[in-house]
>>> print(open('query_10.cif').read())   # mmCIF, C-alpha atoms and all ligand atoms
data_entry
#
loop_
_atom_site.group_PDB
_atom_site.id
_atom_site.type_symbol
_atom_site.label_atom_id
_atom_site.label_comp_id
_atom_site.auth_asym_id
_atom_site.auth_seq_id
_atom_site.Cartn_x
_atom_site.Cartn_y
_atom_site.Cartn_z
ATOM 1 C CA MET A 1 73.417 127.126 118.737
ATOM 2 C CA ASP A 2 70.524 126.098 116.568
ATOM 3 C CA GLN A 3 72.158 127.608 113.487
ATOM 4 C CA ASN A 4 74.057 124.295 113.409
ATOM 5 C CA THR A 5 71.004 122.663 111.955
ATOM 6 C CA THR A 6 71.005 124.925 108.928
ATOM 7 C CA GLU A 7 74.752 125.450 108.469
ATOM 8 C CA LYS A 8 76.031 121.902 108.700
ATOM 9 C CA LYS A 9 74.440 120.180 105.742
ATOM 10 C CA GLY A 10 73.998 116.425 106.015
ATOM 11 C CA ARG A 11 74.304 116.415 109.794
ATOM 12 C CA ASP A 12 71.366 115.503 111.961
ATOM 13 C CA ASP A 13 72.057 117.861 114.849
ATOM 14 C CA PHE A 14 69.907 118.235 117.931
ATOM 15 C CA GLU A 15 67.515 121.138 118.332
ATOM 16 C CA THR A 16 68.507 123.645 121.016
ATOM 17 C CA THR A 17 65.490 122.626 123.072
ATOM 18 C CA VAL A 18 66.682 118.996 123.099
ATOM 19 C CA ILE A 19 70.192 120.086 124.114
ATOM 20 C CA ASN A 20 68.829 122.156 126.981
ATOM 21 C CA ILE A 21 66.630 119.358 128.306
ATOM 22 C CA VAL A 22 69.446 116.796 128.133
ATOM 23 C CA LYS A 23 71.939 118.901 130.051
ATOM 24 C CA THR A 24 69.541 119.968 132.753
ATOM 25 C CA GLN A 25 68.234 116.415 133.196
ATOM 26 C CA ALA A 26 71.820 115.279 133.697
ATOM 27 C CA ALA A 27 72.225 118.045 136.317
ATOM 28 C CA TYR A 28 75.233 119.291 134.287
ATOM 29 C CA ILE A 29 77.147 116.257 135.543
ATOM 30 C CA CYS A 30 78.989 113.937 133.145
ATOM 31 C CA SER A 31 77.021 110.715 132.531
ATOM 32 C CA ASN A 32 80.127 108.517 132.424
ATOM 33 C CA PRO A 33 79.714 106.629 135.754
ATOM 34 C CA ASP A 34 83.508 106.600 136.206
ATOM 35 C CA CYS A 35 83.735 110.347 135.707
ATOM 36 C CA ARG A 36 80.735 112.291 137.023
ATOM 37 C CA LYS A 37 82.434 115.655 136.772
ATOM 38 C CA LEU A 38 80.360 118.733 137.374
ATOM 39 C CA THR A 39 80.670 120.758 134.189
ATOM 40 C CA ILE A 40 79.443 124.174 135.194
ATOM 41 C CA ALA A 41 80.507 126.794 137.730
ATOM 42 C CA PRO A 42 80.434 130.574 138.038
ATOM 43 C CA SER A 43 83.231 132.485 136.374
ATOM 44 C CA LEU A 44 85.684 133.791 138.943
ATOM 45 C CA THR A 45 86.415 136.903 136.941
ATOM 46 C CA ASP A 46 83.083 137.945 135.432
ATOM 47 C CA GLU A 47 79.977 137.804 137.574
ATOM 48 C CA ASN A 48 77.784 137.537 134.472
ATOM 49 C CA LYS A 49 79.520 134.469 133.110
ATOM 50 C CA VAL A 50 79.910 130.774 133.780
ATOM 51 C CA GLN A 51 82.662 128.279 133.099
ATOM 52 C CA TYR A 52 81.128 125.443 131.161
ATOM 53 C CA MET A 53 82.734 122.300 129.801
ATOM 54 C CA GLY A 54 79.823 119.994 129.080
ATOM 55 C CA LYS A 55 78.672 118.507 125.778
ATOM 56 C CA VAL A 56 75.507 116.936 124.493
ATOM 57 C CA ALA A 57 76.834 114.095 122.356
ATOM 58 C CA HIS A 58 75.230 111.819 119.785
ATOM 59 C CA ILE A 59 75.024 108.177 120.799
ATOM 60 C CA THR A 60 74.866 107.210 117.141
ATOM 61 C CA ALA A 61 76.558 109.802 114.925
ATOM 62 C CA ALA A 62 74.818 112.748 113.294
ATOM 63 C CA SER A 63 76.287 111.972 109.870
ATOM 64 C CA PRO A 64 77.560 108.960 107.885
ATOM 65 C CA GLY A 65 81.077 107.907 108.798
ATOM 66 C CA GLY A 66 80.777 109.328 112.319
ATOM 67 C CA PRO A 67 81.196 107.294 115.516
ATOM 68 C CA ARG A 68 78.564 104.560 115.976
ATOM 69 C CA TYR A 69 76.664 105.785 112.902
ATOM 70 C CA ASP A 70 73.611 103.626 112.332
ATOM 71 C CA SER A 71 72.102 103.875 108.853
ATOM 72 C CA SER A 72 68.919 102.183 110.046
ATOM 73 C CA TYR A 73 68.089 105.288 112.080
ATOM 74 C CA SER A 74 65.834 107.869 110.460
ATOM 75 C CA GLU A 75 66.686 111.548 110.710
ATOM 76 C CA ALA A 76 63.959 111.892 113.330
ATOM 77 C CA GLU A 77 65.456 109.098 115.420
ATOM 78 C CA ARG A 78 68.943 110.528 115.096
ATOM 79 C CA THR A 79 67.879 113.949 116.333
ATOM 80 C CA ASN A 80 65.610 112.518 119.022
ATOM 81 C CA ILE A 81 66.383 113.109 122.688
ATOM 82 C CA ASN A 82 66.831 109.342 123.110
ATOM 83 C CA ASN A 83 69.956 109.543 120.958
ATOM 84 C CA ALA A 84 71.551 112.253 123.138
ATOM 85 C CA ILE A 85 73.849 111.823 126.123
ATOM 86 C CA PHE A 86 75.344 114.492 128.374
ATOM 87 C CA LEU A 87 79.102 114.272 128.984
ATOM 88 C CA CYS A 88 82.020 116.428 130.078
ATOM 89 C CA SER A 89 84.157 117.572 127.140
ATOM 90 C CA ASN A 90 86.859 115.025 128.024
ATOM 91 C CA CYS A 91 84.506 112.070 127.931
ATOM 92 C CA ALA A 92 82.768 113.416 124.816
ATOM 93 C CA ASP A 93 86.151 113.349 123.034
ATOM 94 C CA LEU A 94 87.001 109.968 124.501
ATOM 95 C CA ILE A 95 83.912 108.133 123.263
ATOM 96 C CA ASP A 96 84.514 109.314 119.692
ATOM 97 C CA LYS A 97 88.164 108.223 119.465
ATOM 98 C CA ASN A 98 88.816 105.668 116.679
ATOM 99 C CA LYS A 99 85.298 106.203 115.359
ATOM 100 C CA GLY A 100 83.869 105.123 118.679
ATOM 101 C CA ILE A 101 84.975 101.469 118.540
ATOM 102 C CA ASP A 102 85.647 101.333 122.289
ATOM 103 C CA TYR A 103 82.298 102.840 123.272
ATOM 104 C CA LYS A 104 79.431 100.988 121.667
ATOM 105 C CA LYS A 105 75.993 102.523 121.661
ATOM 106 C CA GLU A 106 74.778 99.886 124.164
ATOM 107 C CA VAL A 107 77.405 101.127 126.644
ATOM 108 C CA LEU A 108 76.308 104.719 126.183
ATOM 109 C CA PHE A 109 72.614 103.858 126.564
ATOM 110 C CA ASP A 110 73.557 102.062 129.778
ATOM 111 C CA TRP A 111 75.512 105.110 131.054
ATOM 112 C CA LYS A 112 72.520 107.259 130.314
ATOM 113 C CA THR A 113 70.140 105.047 132.281
ATOM 114 C CA GLN A 114 72.569 104.700 135.188
ATOM 115 C CA HIS A 115 73.086 108.435 135.277
ATOM 116 C CA LYS A 116 69.395 109.187 135.283
ATOM 117 C CA ASN A 117 68.925 106.855 138.273
ATOM 118 C CA TRP A 118 71.949 108.299 140.041
ATOM 119 C CA VAL A 119 70.688 111.868 139.654
ATOM 120 C CA LEU A 120 67.246 110.820 140.876
ATOM 121 C CA GLU A 121 68.768 109.075 143.910
ATOM 122 C CA ASN A 122 70.675 112.194 144.849
ATOM 123 C CA LEU A 123 67.823 114.621 144.348
ATOM 124 C CA ASN A 124 66.928 116.562 147.456
ATOM 125 C CA LYS A 125 69.563 114.948 149.636
ATOM 126 C CA SER A 126 70.871 117.290 152.298
ATOM 127 C CA LYS A 127 74.427 117.947 153.387
ATOM 128 C CA THR A 128 73.891 116.001 156.602
ATOM 129 C CA ASP A 129 72.601 112.911 154.847
ATOM 130 C CA THR A 130 75.504 110.426 154.996
ATOM 131 C CA SER A 131 74.557 108.887 151.670
ATOM 132 C CA ALA A 132 74.519 112.239 149.916
ATOM 133 C CA ILE A 133 77.176 113.266 147.425
ATOM 134 C CA ALA A 134 79.771 115.796 148.490
ATOM 135 C CA VAL A 135 80.739 118.343 145.905
ATOM 136 C CA SER A 136 84.173 119.863 146.145
ATOM 137 C CA SER A 137 85.263 122.595 143.790
ATOM 138 C CA TYR A 138 88.770 123.177 142.572
ATOM 139 C CA GLY A 139 90.069 126.728 142.563
ATOM 140 C CA GLN A 140 90.550 128.498 139.293
ATOM 141 C CA ARG A 141 92.562 131.335 137.876
ATOM 142 C CA GLY A 142 92.393 133.208 134.585
ATOM 143 C CA GLY A 143 89.577 133.539 132.112
ATOM 144 C CA ILE A 144 90.362 130.715 129.733
ATOM 145 C CA ILE A 145 90.962 127.868 132.110
ATOM 146 C CA ALA A 146 87.796 126.041 132.992
ATOM 147 C CA GLN A 147 88.670 123.799 135.885
ATOM 148 C CA VAL A 148 86.954 120.631 136.833
ATOM 149 C CA VAL A 149 84.772 120.246 139.868
ATOM 150 C CA ASN A 150 84.811 116.775 141.296
ATOM 151 C CA ILE A 151 82.110 114.809 142.945
ATOM 152 C CA THR A 152 83.544 112.521 145.582
ATOM 153 C CA SER A 153 81.886 110.330 148.127
ATOM 154 C CA ASN A 154 81.972 111.315 151.801
ATOM 155 C CA THR A 155 83.956 108.247 152.681
ATOM 156 C CA GLU A 156 87.105 109.256 150.836
ATOM 157 C CA ASN A 157 88.001 112.720 151.979
ATOM 158 C CA GLN A 158 91.671 112.199 152.801
ATOM 159 C CA ARG A 159 92.893 112.985 149.288
ATOM 160 C CA ASP A 160 94.115 116.335 148.069
ATOM 161 C CA PRO A 161 92.268 116.648 144.756
ATOM 162 C CA ILE A 162 94.012 119.890 143.796
ATOM 163 C CA LYS A 163 97.434 118.335 144.109
ATOM 164 C CA GLU A 164 96.290 115.172 142.342
ATOM 165 C CA HIS A 165 94.873 117.183 139.466
ATOM 166 C CA ASP A 166 98.060 119.189 138.995
ATOM 167 C CA ILE A 167 100.327 116.136 139.241
ATOM 168 C CA GLU A 168 98.227 114.339 136.635
ATOM 169 C CA ASN A 169 98.259 117.371 134.365
ATOM 170 C CA PHE A 170 102.030 117.632 134.694
ATOM 171 C CA ARG A 171 102.375 113.927 133.824
ATOM 172 C CA LEU A 172 100.252 114.423 130.712
ATOM 173 C CA SER A 173 102.282 117.442 129.625
ATOM 174 C CA GLU A 174 105.474 115.404 130.115
ATOM 175 C CA LYS A 175 104.174 112.928 127.570
ATOM 176 C CA VAL A 176 104.069 115.764 125.058
ATOM 177 C CA LEU A 177 107.476 117.241 125.878
ATOM 178 C CA ASN A 178 109.760 116.101 128.667
ATOM 179 C CA ASN A 179 113.010 117.604 129.848
ATOM 180 C CA GLU A 180 115.179 115.075 128.022
ATOM 181 C CA GLN A 181 113.425 115.819 124.723
ATOM 182 C CA TRP A 182 113.770 119.553 125.225
ATOM 183 C CA VAL A 183 117.489 119.277 126.077
ATOM 184 C CA LYS A 184 118.016 117.255 122.901
ATOM 185 C CA LEU A 185 116.112 119.717 120.704
ATOM 186 C CA ARG A 186 117.978 122.605 122.284
ATOM 187 C CA GLU A 187 121.353 120.984 121.694
ATOM 188 C CA ASP A 188 120.471 120.142 118.089
ATOM 189 C CA LEU A 189 119.404 123.697 117.332
ATOM 190 C CA LEU A 190 122.340 125.330 119.072
ATOM 191 C CA GLY A 191 124.731 122.823 117.511
ATOM 192 C CA ASP A 192 124.295 123.255 113.777
ATOM 193 C CA ALA A 193 120.911 124.960 113.457
ATOM 194 C CA SER A 194 119.150 121.766 112.494
ATOM 195 C CA CYS A 195 116.736 119.373 114.137
ATOM 196 C CA ARG A 196 114.256 116.620 113.429
ATOM 197 C CA LYS A 197 110.868 117.928 112.343
ATOM 198 C CA PHE A 198 109.218 115.544 114.789
ATOM 199 C CA ASP A 199 111.210 117.020 117.695
ATOM 200 C CA SER A 200 110.337 120.603 116.823
ATOM 201 C CA ASP A 201 106.650 119.630 116.497
ATOM 202 C CA ARG A 202 106.658 118.845 120.216
ATOM 203 C CA LEU A 203 106.637 122.587 120.868
ATOM 204 C CA ASP A 204 103.363 122.933 118.984
ATOM 205 C CA ASN A 205 102.000 119.945 120.870
ATOM 206 C CA VAL A 206 102.738 121.642 124.189
ATOM 207 C CA LEU A 207 100.790 124.707 123.061
ATOM 208 C CA THR A 208 97.903 122.481 121.977
ATOM 209 C CA HIS A 209 97.978 120.561 125.260
ATOM 210 C CA PHE A 210 97.784 123.691 127.377
ATOM 211 C CA SER A 211 95.228 125.397 125.157
ATOM 212 C CA ARG A 212 92.651 122.838 126.299
ATOM 213 C CA ALA A 213 90.399 124.247 128.985
ATOM 214 C CA GLU A 214 90.912 121.332 131.355
ATOM 215 C CA ASN A 215 94.712 121.347 131.156
ATOM 216 C CA GLY A 216 95.375 124.408 133.287
ATOM 217 C CA PHE A 217 97.038 124.086 136.678
ATOM 218 C CA ILE A 218 94.973 124.877 139.729
ATOM 219 C CA ASP A 219 97.920 126.035 141.790
ATOM 220 C CA GLU A 220 98.301 129.702 140.871
ATOM 221 C CA GLU A 221 102.061 129.783 141.078
ATOM 222 C CA ILE A 222 102.464 126.731 138.847
ATOM 223 C CA ASN A 223 99.931 128.075 136.407
ATOM 224 C CA GLU A 224 101.762 131.375 136.166
ATOM 225 C CA ALA A 225 105.072 129.579 135.575
ATOM 226 C CA LYS A 226 103.329 127.527 132.865
ATOM 227 C CA GLU A 227 101.936 130.669 131.211
ATOM 228 C CA ASN A 228 105.420 132.210 131.153
ATOM 229 C CA PHE A 229 106.833 129.006 129.685
ATOM 230 C CA ILE A 230 104.327 128.671 126.860
ATOM 231 C CA ALA A 231 104.602 132.392 126.075
ATOM 232 C CA THR A 232 108.221 131.811 125.031
ATOM 233 C CA ILE A 233 107.413 129.000 122.582
ATOM 234 C CA PRO A 234 105.953 130.919 119.589
ATOM 235 C CA ALA A 235 109.059 133.086 118.988
ATOM 236 C CA LEU A 236 111.234 129.993 118.556
ATOM 237 C CA LYS A 237 108.572 128.134 116.569
ATOM 238 C CA ASP A 238 108.249 131.114 114.214
ATOM 239 C CA ILE A 239 111.923 130.886 113.280
ATOM 240 C CA ILE A 240 111.715 127.123 112.771
ATOM 241 C CA ASP A 241 108.481 127.343 110.783
ATOM 242 C CA CYS A 242 109.524 130.273 108.601
ATOM 243 C CA HIS A 243 113.261 129.858 108.189
ATOM 244 C CA PHE A 244 113.927 126.122 108.298
ATOM 245 C CA ASP A 245 113.388 123.579 105.592
ATOM 246 C CA LEU A 246 114.242 120.061 104.515
ATOM 247 C CA TRP A 247 117.949 119.405 104.171
ATOM 248 C CA PRO A 248 119.301 117.209 102.684
ATOM 249 C CA TYR A 249 116.334 117.116 100.366
ATOM 250 C CA GLN A 250 116.069 113.362 99.947
ATOM 251 C CA GLN A 251 115.026 111.953 103.305
ATOM 252 C CA ASP A 252 112.471 109.609 104.769
ATOM 253 C CA ILE A 253 109.184 111.395 105.068
ATOM 254 C CA GLU A 254 108.639 109.846 108.493
ATOM 255 C CA ASN A 255 110.922 111.948 110.694
ATOM 256 C CA TYR A 256 113.027 114.174 108.550
ATOM 257 C CA SER A 257 115.726 116.654 109.356
ATOM 258 C CA ILE A 258 115.216 120.385 108.853
ATOM 259 C CA GLN A 259 117.795 123.120 108.828
ATOM 260 C CA LEU A 260 118.066 126.880 108.981
ATOM 261 C CA LYS A 261 118.128 128.302 105.448
ATOM 262 C CA PRO A 262 120.145 128.856 103.329
ATOM 263 C CA HIS A 263 121.741 125.474 103.802
ATOM 264 C CA TYR A 264 124.882 126.280 101.841
ATOM 265 C CA LEU A 265 126.082 128.325 104.793
ATOM 266 C CA ARG A 266 126.526 125.007 106.588
ATOM 267 C CA HIS A 267 127.647 123.038 103.563
ATOM 268 C CA ASN A 268 130.736 124.470 101.913
ATOM 269 C CA GLY A 269 131.138 123.951 98.249
ATOM 270 C CA TYR A 270 127.452 124.190 97.421
ATOM 271 C CA VAL A 271 127.292 127.900 96.592
ATOM 272 C CA ASN A 272 129.394 130.819 97.750
ATOM 273 C CA PRO A 273 127.142 132.993 99.842
ATOM 274 C CA THR A 274 127.344 136.734 99.603
ATOM 275 C CA MET A 275 128.303 138.776 102.652
ATOM 276 C CA GLU A 276 124.702 139.902 102.943
ATOM 277 C CA GLN A 277 123.364 136.338 102.905
ATOM 278 C CA ARG A 278 125.906 135.308 105.475
ATOM 279 C CA ARG A 279 124.975 138.236 107.742
ATOM 280 C CA GLU A 280 121.290 137.455 107.441
ATOM 281 C CA TRP A 281 121.878 133.829 108.411
ATOM 282 C CA GLU A 282 124.084 134.795 111.369
ATOM 283 C CA GLU A 283 121.450 137.248 112.585
ATOM 284 C CA LEU A 284 118.735 134.615 112.475
ATOM 285 C CA PHE A 285 120.954 132.117 114.257
ATOM 286 C CA GLU A 286 121.690 134.685 116.968
ATOM 287 C CA GLN A 287 118.011 135.505 117.332
ATOM 288 C CA MET A 288 117.236 131.819 117.596
ATOM 289 C CA LYS A 289 119.775 131.437 120.402
ATOM 290 C CA VAL A 290 118.105 134.271 122.303
ATOM 291 C CA ASN A 291 114.711 132.582 121.875
ATOM 292 C CA ILE A 292 116.069 129.189 122.887
ATOM 293 C CA ASN A 293 117.634 130.604 126.042
ATOM 294 C CA ALA A 294 114.426 132.434 126.959
ATOM 295 C CA LEU A 295 112.418 129.237 126.508
ATOM 296 C CA ASN A 296 114.997 127.234 128.437
ATOM 297 C CA ASP A 297 114.758 129.640 131.387
ATOM 298 C CA THR A 298 110.966 129.647 131.553
ATOM 299 C CA TYR A 299 110.787 125.859 131.137
ATOM 300 C CA ASN A 300 113.253 125.300 133.979
ATOM 301 C CA ILE A 301 111.364 127.684 136.258
ATOM 302 C CA PHE A 302 108.110 125.889 135.390
ATOM 303 C CA ARG A 303 109.615 122.511 136.274
ATOM 304 C CA LYS A 304 111.235 123.804 139.470
ATOM 305 C CA THR A 305 107.956 125.378 140.586
ATOM 306 C CA ILE A 306 106.154 122.086 140.016
ATOM 307 C CA LYS A 307 108.751 120.116 141.943
ATOM 308 C CA ARG A 308 108.685 122.555 144.841
ATOM 309 C CA LYS A 309 104.904 122.826 145.098
ATOM 310 C CA LEU A 310 103.897 119.256 144.318
ATOM 311 C CA HIS A 311 106.883 117.511 145.891
ATOM 312 C CA ILE A 312 107.519 115.304 142.897
HETATM 313 ZN ZN ZN A 401 83.354 112.905 131.961
#
>>> encode(input="query_10.cif", output="structure tokens")
Amino acid sequence: MDQNTTEKKGRDDFETTVINIVKTQAAYICSNPDCRKLTIAPSLTDENKVQYMGKVAHITAASPGGPRYDSSYSEAERTNINNAIFLCSNCADLIDKNKGIDYKKEVLFDWKTQHKNWVLENLNKSKTDTSAIAVSSYGQRGGIIAQVVNITSNTENQRDPIKEHDIENFRLSEKVLNNEQWVKLREDLLGDASCRKFDSDRLDNVLTHFSRAENGFIDEEINEAKENFIATIPALKDIIDCHFDLWPYQQDIENYSIQLKPHYLRHNGYVNPTMEQRREWEELFEQMKVNINALNDTYNIFRKTIKRKLHI
């Protein structure tokens, strides 16, 4: 951890000792008062490991151009514990969006103070104390999916946080690729082996979405269906990435059309393809159909499993 200080030139990173004090003082709970997620739990698969999704973030950035960077700070002030705040990885990303314009340093200093008081208030409170916090843990499956543990007050225990988490995660994944978008991409590809680049990029976005630790499903059956679905994406993406290119060549750069090469197999009169070229193209097109159908099956099973288990 502390190799950061020597490797990243020009960045005023925190010393490991500072990082350790900040996270333990925050009780490993996110300092955003609207979040307060517990960020650490034992691994369910390895008794020597933990699942951890916390971050010690800079209130004013470690280097020029970063979120809330303040040039009036000295290096010592920037690396001081006073400039550090403990957050869950979600909130740490959130506060730095758009160079931190929505989360001013005053807000973060306020979160830090509130959190300190909140942790102190809850210190040594027992389970039977009605004002104490109740900690409920979500289940977890698989080694790469760090799930979130929520802190909820005793007064609102009617909710089903597991279901809520999975519904929310499904909604977020639908923003990346929904059924309508997939059907369109599928029809485009099966139609004349072409599609919009933007539409095919959605497949990558799904992989990125589900590669994030917090975007796993808690329900084991849904998570398994999701794993099967995303496992069928790379084969199709490989064909699009390696064997498609811009056609026609002069297009808007915004959302251009790409097509399985060589294009003259779809556009008569350009060049006469040899038998070998034609066979190669046909083989790739056939392979792509196989990959599309495999992806279509796993995606439909994933969606059906979600509908059945979450009743949505
Ligand atoms: Zn948080």
>>> atom_distance(input="query_10.cif", atom1="atom CA of A:Leu189", atom2="atom CA of A:Glu282")
13.4 Å
>>> closest_residue(input="query_10.cif", among="A:Phe285, A:Tyr52, A:Tyr69, A:Tyr264", to="A:Asp12", atoms="all atoms listed in the file")
A:Tyr69
>>> closest_residue(input="query_10.cif", among="A:Asp297, A:Glu187, A:Asp93, A:Asp13", to="ligand ZN 401 (chain A)", atoms="all atoms listed in the file")
A:Asp93
>>> axis_aligned_box(input="query_10.cif", around="stretch 294-300 of chain A", padding_each_side="6 Å", output="lines of an AutoDock Vina configuration file")
center_x = 112.9
center_y = 128.9
center_z = 130.2
size_x = 16.2
size_y = 19.1
size_z = 19.5
>>> residues_near_ligand(input="query_10.cif", ligand="ligand ZN 401 (chain A)", cutoff="7 Å", atoms="only C-alpha atoms and all ligand atoms", output="list in words")
Cys30, Ser31, Asn32, Cys35, Arg36, Lys37, Leu87, Cys88, Ser89, Asn90 and Cys91 of chain A
>>> write_last_selection(input="query_10.cif", atoms="C-alpha atoms", output="short mmCIF file (atom, residue, chain, number, x, y, z; two decimals), keeping the file's coordinate frame")
data_model
loop_
_atom_site.label_atom_id
_atom_site.label_comp_id
_atom_site.auth_asym_id
_atom_site.auth_seq_id
_atom_site.Cartn_x
_atom_site.Cartn_y
_atom_site.Cartn_z
CA CYS A 30 78.99 113.94 133.15
CA SER A 31 77.02 110.72 132.53
CA ASN A 32 80.13 108.52 132.42
CA CYS A 35 83.74 110.35 135.71
CA ARG A 36 80.74 112.29 137.02
CA LYS A 37 82.43 115.66 136.77
CA LEU A 87 79.10 114.27 128.98
CA CYS A 88 82.02 116.43 130.08
CA SER A 89 84.16 117.57 127.14
CA ASN A 90 86.86 115.02 128.02
CA CYS A 91 84.51 112.07 127.93
#
>>> atom_distance(input="query_10.cif", atom1="atom CA of A:Asn48", atom2="atom CA of A:Ala27")
20.4 Å
>>> residues_around(input="query_10.cif", residues="A:Lys97", least_positions_apart="6", cutoff="12 Å", atoms="only C-alpha atoms", output="PDB file with C-alpha atoms, in the frame of the given file")
ATOM      1  CA  GLY A  66      80.777 109.328 112.319  1.00  0.00           C
ATOM      2  CA  PRO A  67      81.196 107.294 115.516  1.00  0.00           C
ATOM      3  CA  ARG A  68      78.564 104.560 115.976  1.00  0.00           C
ATOM      4  CA  ASN A  90      86.859 115.025 128.024  1.00  0.00           C
ATOM      5  CA  CYS A  91      84.506 112.070 127.931  1.00  0.00           C
ATOM      6  CA  TYR A 103      82.298 102.840 123.272  1.00  0.00           C
ATOM      7  CA  LYS A 104      79.431 100.988 121.667  1.00  0.00           C
TER       8      LYS A 104
END
>>> resolve_selection(input="query_10.cif", expression="the PyMOL selection byres (((chain A and resi 107-114) around 9) and not hetatm)", output="list in words")
Ala26, Ser31, Asn32, Pro33, Ile59, Asn82, Asn83, Ala84, Ile85, Phe86, Ile95, Tyr103, Lys104, Lys105, Glu106, His115, Lys116, Asn117, Trp118 and Val119 of chain A
>>> closest_residue(input="query_10.cif", among="A:Leu172, A:Val290, A:Ala193, A:Ala225", to="A:Phe244", atoms="all atoms listed in the file")
A:Ala193
>>> resolve_selection(input="query_10.cif", expression="the PyMOL selection byres (((chain A and resi 301) around 12) and not hetatm)", output="number ranges by chain")
A: 221-230, 294-300, 302-309
>>> closest_residue(input="query_10.cif", among="A:Asn122, A:Ser257, A:Asn169, A:Ser211", to="A:Asp188", atoms="only C-alpha atoms")
A:Ser257
>>> residues_around(input="query_10.cif", residues="A:Pro273", least_positions_apart="6", cutoff="10 Å", atoms="only C-alpha atoms", output="list of chain:residue names")
A:Pro262, A:Tyr264, A:Leu265, A:Arg279
>>> atom_distance(input="query_10.cif", atom1="atom CA of A:Ala76", atom2="atom CA of A:Asp96")
21.7 Å
>>> closest_residue(input="query_10.cif", among="A:Pro248, A:Pro64, A:Pro42, A:Pro234", to="A:Asp201", atoms="only C-alpha atoms")
A:Pro234
>>> closest_residue(input="query_10.cif", among="A:Asp204, A:Glu280, A:Asp70, A:Glu214", to="A:His243", atoms="all atoms listed in the file")
A:Glu280
>>> residues_around(input="query_10.cif", residues="A:Tyr256", least_positions_apart="2", cutoff="10 Å", atoms="all atoms listed in the file", output="PyMOL selection string")
chain A and resi 195-199+245-254+258
>>> residues_around(input="query_10.cif", residues="A:Arg171", least_positions_apart="3", cutoff="12 Å", atoms="only C-alpha atoms", output="PyMOL selection string")
chain A and resi 164-168+174-179+209+215+217+303+306+310+312
>>> decode(input="query_10.cif", residues="stretch 199-209 of chain A", atoms="N, CA, C and O atoms", output="compact mmCIF listing (two decimals), in the first residue's frame")
# COMPACT_ATOMS: atom_id res chain seq x y z
N ASP A 199 -24.44 0.21 -30.35
CA ASP A 199 -25.27 -0.90 -29.87
C ASP A 199 -24.40 -2.09 -29.44
O ASP A 199 -24.70 -2.75 -28.44
N SER A 200 -23.35 -2.36 -30.21
CA SER A 200 -22.50 -3.50 -29.84
C SER A 200 -21.70 -3.19 -28.58
O SER A 200 -21.37 -4.08 -27.81
N ASP A 201 -21.41 -1.89 -28.35
CA ASP A 201 -20.67 -1.51 -27.13
C ASP A 201 -21.44 -1.82 -25.86
O ASP A 201 -20.86 -1.96 -24.79
N ARG A 202 -22.77 -1.93 -25.99
CA ARG A 202 -23.57 -2.25 -24.80
C ARG A 202 -23.15 -3.58 -24.18
O ARG A 202 -23.26 -3.78 -22.97
N LEU A 203 -22.68 -4.50 -25.02
CA LEU A 203 -22.25 -5.80 -24.50
C LEU A 203 -21.05 -5.63 -23.57
O LEU A 203 -20.98 -6.25 -22.51
N ASP A 204 -20.12 -4.78 -23.98
CA ASP A 204 -18.96 -4.49 -23.12
C ASP A 204 -19.42 -3.83 -21.83
O ASP A 204 -18.89 -4.10 -20.75
N ASN A 205 -20.41 -2.93 -21.97
CA ASN A 205 -20.88 -2.21 -20.79
C ASN A 205 -21.52 -3.16 -19.76
O ASN A 205 -21.41 -2.94 -18.57
N VAL A 206 -22.18 -4.20 -20.27
CA VAL A 206 -22.76 -5.19 -19.35
C VAL A 206 -21.65 -5.89 -18.57
O VAL A 206 -21.73 -6.05 -17.35
N LEU A 207 -20.60 -6.26 -19.30
CA LEU A 207 -19.46 -6.93 -18.63
C LEU A 207 -18.87 -6.01 -17.57
O LEU A 207 -18.55 -6.44 -16.46
N THR A 208 -18.71 -4.73 -17.93
CA THR A 208 -18.15 -3.77 -16.97
C THR A 208 -19.07 -3.62 -15.76
O THR A 208 -18.61 -3.63 -14.62
N HIS A 209 -20.36 -3.52 -16.03
CA HIS A 209 -21.33 -3.36 -14.93
C HIS A 209 -21.21 -4.51 -13.94
O HIS A 209 -21.12 -4.30 -12.73
